[in-house]
Amino acid sequence: MQPNGFAILYEQGPCLVVSKPAGILTQAPPGIDSLEFRIKQFLIQRENKPGRAYLGVPHRLDRPVSGALVVAKHVRAARRLSEQFEGRIVQKTYWAVVEGELATDQGRWIDRVRKVPNEARSEVVADDQKDARRAVLSYQVRLRFEGKTWLEITLETGRYHQIRVQASSHGHPVVGDALYGATTSFGPSSDDPRDLMIALHARDLTFRHPMTKEDVSVTAPLPPAWSEFGDAIIACDDGESR
């Protein structure tokens with residue numbers, strides 16, 4: 001049985017890594033479509049279980065972001081995975097295409113950010129700003145092309161919309177991310193802005209299996225929309241995803 005609306009990248013015991021499509025919420029209230037709902041429905045049907053299915057979701061990806069996300073099918077596994085995220089044991093690598101061409105091949109952005117009260121966005125603020133939190137990421141340029149830059153990003157902290165707000169504040173918003181000042185579109189058009197995607201992808205995820213204690217590394221293939229950036233990125237994706 002194949003899932004509908006997402007892909008399974010890895011499954012062992014209670015641990016499941018899926019490829020989240022862009023344009024869907026990771027979690028949502030009852031009655032609203034979400035990745036969590038889709039996975040639960042798939043598990044109920046595949047395992048022929050009446051009633052509800054438990055699913056622990058120890059981390060999230062923003063609605064317009066695609067990529068690898070790990071979930072757990074029972075409470076103990078979910079708790080152990082959550083502890084790894086809280087302890088910064090989990091390694092996450094993102095691919096992003098941003099507007100403009102970065103001058104340096106690699107670098108580290110250190111900012112103070114805060115979530116804007118009552119709004120679904122963050123902002124970079126002064127060090128003495130109330131509720132400001134340190135946000136740190138490292139980047140490596142993989143390719144510059146046509147006024148854009150393809151980056152590989154490693155997060156050192158986990159703040160709300162961190163990559164998106166930091167990239168924007170440094171003058172290079174993620175392609176398609178109009179919320180943070182991008183002027184170029186990305187992916188299929190839609191009348192509902194909530195369905196739009198941005199060029200940010202959770203590429204690699206490495207964690208310790210909550211039951212076997214073995215290290216698990218999973219790579220999420222790029223969505224088809226990334227083909228608009230040309231052959232170089234797609235060729236790299238094909239090679240690394242095998």
# chains A, B, ... in the order shown; residues from 1 in each chain; ligands from 1
>>> residues_around(residues="Arg159 (chain A)", least_positions_apart="5", cutoff="10 Å", atoms="only C-alpha atoms", output="ChimeraX atom specification")
/A:112-115,122,133-136,165
>>> write_last_selection(atoms="C-alpha atoms", output="PDB file, in the first residue's frame")
ATOM      1  CA  ARG A 112      19.055  38.040  17.430  1.00  0.00           C
ATOM      2  CA  VAL A 113      15.511  37.168  16.402  1.00  0.00           C
ATOM      3  CA  ARG A 114      12.078  37.110  17.940  1.00  0.00           C
ATOM      4  CA  LYS A 115       8.658  35.946  16.870  1.00  0.00           C
ATOM      5  CA  SER A 122       9.806  36.481  12.923  1.00  0.00           C
ATOM      6  CA  ARG A 133      16.928  34.962  21.032  1.00  0.00           C
ATOM      7  CA  ARG A 134      20.279  34.089  19.491  1.00  0.00           C
ATOM      8  CA  ALA A 135      20.003  32.539  16.011  1.00  0.00           C
ATOM      9  CA  VAL A 136      23.025  30.930  14.353  1.00  0.00           C
ATOM     10  CA  VAL A 165      14.227  35.513   8.428  1.00  0.00           C
TER      11      VAL A 165
END
>>> residues_around(residues="region 55-59 of chain A", least_positions_apart="6", cutoff="8 Å", atoms="only C-alpha atoms", output="ChimeraX atom specification")
/A:36,40,69-75,78-79,81-82,85
>>> write_last_selection(atoms="C-alpha atoms", output="PDB file, in the first residue's frame")
ATOM      1  CA  GLU A  36       0.093  14.444  10.574  1.00  0.00           C
ATOM      2  CA  LYS A  40      -2.396   8.729  10.632  1.00  0.00           C
ATOM      3  CA  LEU A  69      10.584  14.859   8.784  1.00  0.00           C
ATOM      4  CA  VAL A  70      10.750  12.104  11.422  1.00  0.00           C
ATOM      5  CA  VAL A  71       7.728  10.888  13.409  1.00  0.00           C
ATOM      6  CA  ALA A  72       7.092   8.076  15.890  1.00  0.00           C
ATOM      7  CA  LYS A  73       4.311   5.536  16.169  1.00  0.00           C
ATOM      8  CA  HIS A  74       4.399   5.152  19.944  1.00  0.00           C
ATOM      9  CA  VAL A  75       4.911   7.383  22.967  1.00  0.00           C
ATOM     10  CA  ALA A  78       8.407   9.967  20.394  1.00  0.00           C
ATOM     11  CA  ARG A  79       9.768  11.024  23.783  1.00  0.00           C
ATOM     12  CA  LEU A  81      13.264  11.577  19.622  1.00  0.00           C
ATOM     13  CA  SER A  82      12.067  14.779  21.281  1.00  0.00           C
ATOM     14  CA  PHE A  85      15.950  17.477  19.242  1.00  0.00           C
TER      15      PHE A  85
END
>>> select_by_dssp(residues="region 38-232 of chain A", states="strand (DSSP E or B)", output="ChimeraX atom specification")
/A:56,66-72,91-99,106-115,122-124,133-145,148-155,174,200-208,215-219
>>> closest_residue(among="A:His161, A:Asp128, A:Ala77, A:Leu179", to="Arg208 (chain A)", atoms="only C-alpha atoms")
A:Ala77
>>> select_by_dssp(residues="region 38-117 of chain A", states="alpha helix (DSSP H)", output="PyMOL selection string")
chain A and resi 38-46+75-86
>>> residues_around(residues="Val97 (chain A)", least_positions_apart="5", cutoff="10 Å", atoms="only C-alpha atoms", output="number ranges by chain")
A: 141-145, 148-152, 172-176, 198-201, 226, 229
>>> atom_distance(atom1="CA of Pro221 (chain A)", atom2="CA of Glu240 (chain A)")
8.5 Å
>>> residues_around(residues="Gly5 (chain A)", least_positions_apart="5", cutoff="10 Å", atoms="only C-alpha atoms", output="list in words")
Ser19, Lys20, Pro21, Ile24, Ser34, Leu35, Arg38, Ile39 and Phe42 of chain A
>>> closest_residue(among="A:Ser227, A:Ile110, A:Gly100, A:Tyr10", to="Ala182 (chain A)", atoms="only C-alpha atoms")
A:Gly100
>>> closest_residue(among="A:Ile44, A:Ala132, A:Cys236, A:Ala202", to="Val116 (chain A)", atoms="only C-alpha atoms")
A:Ala132
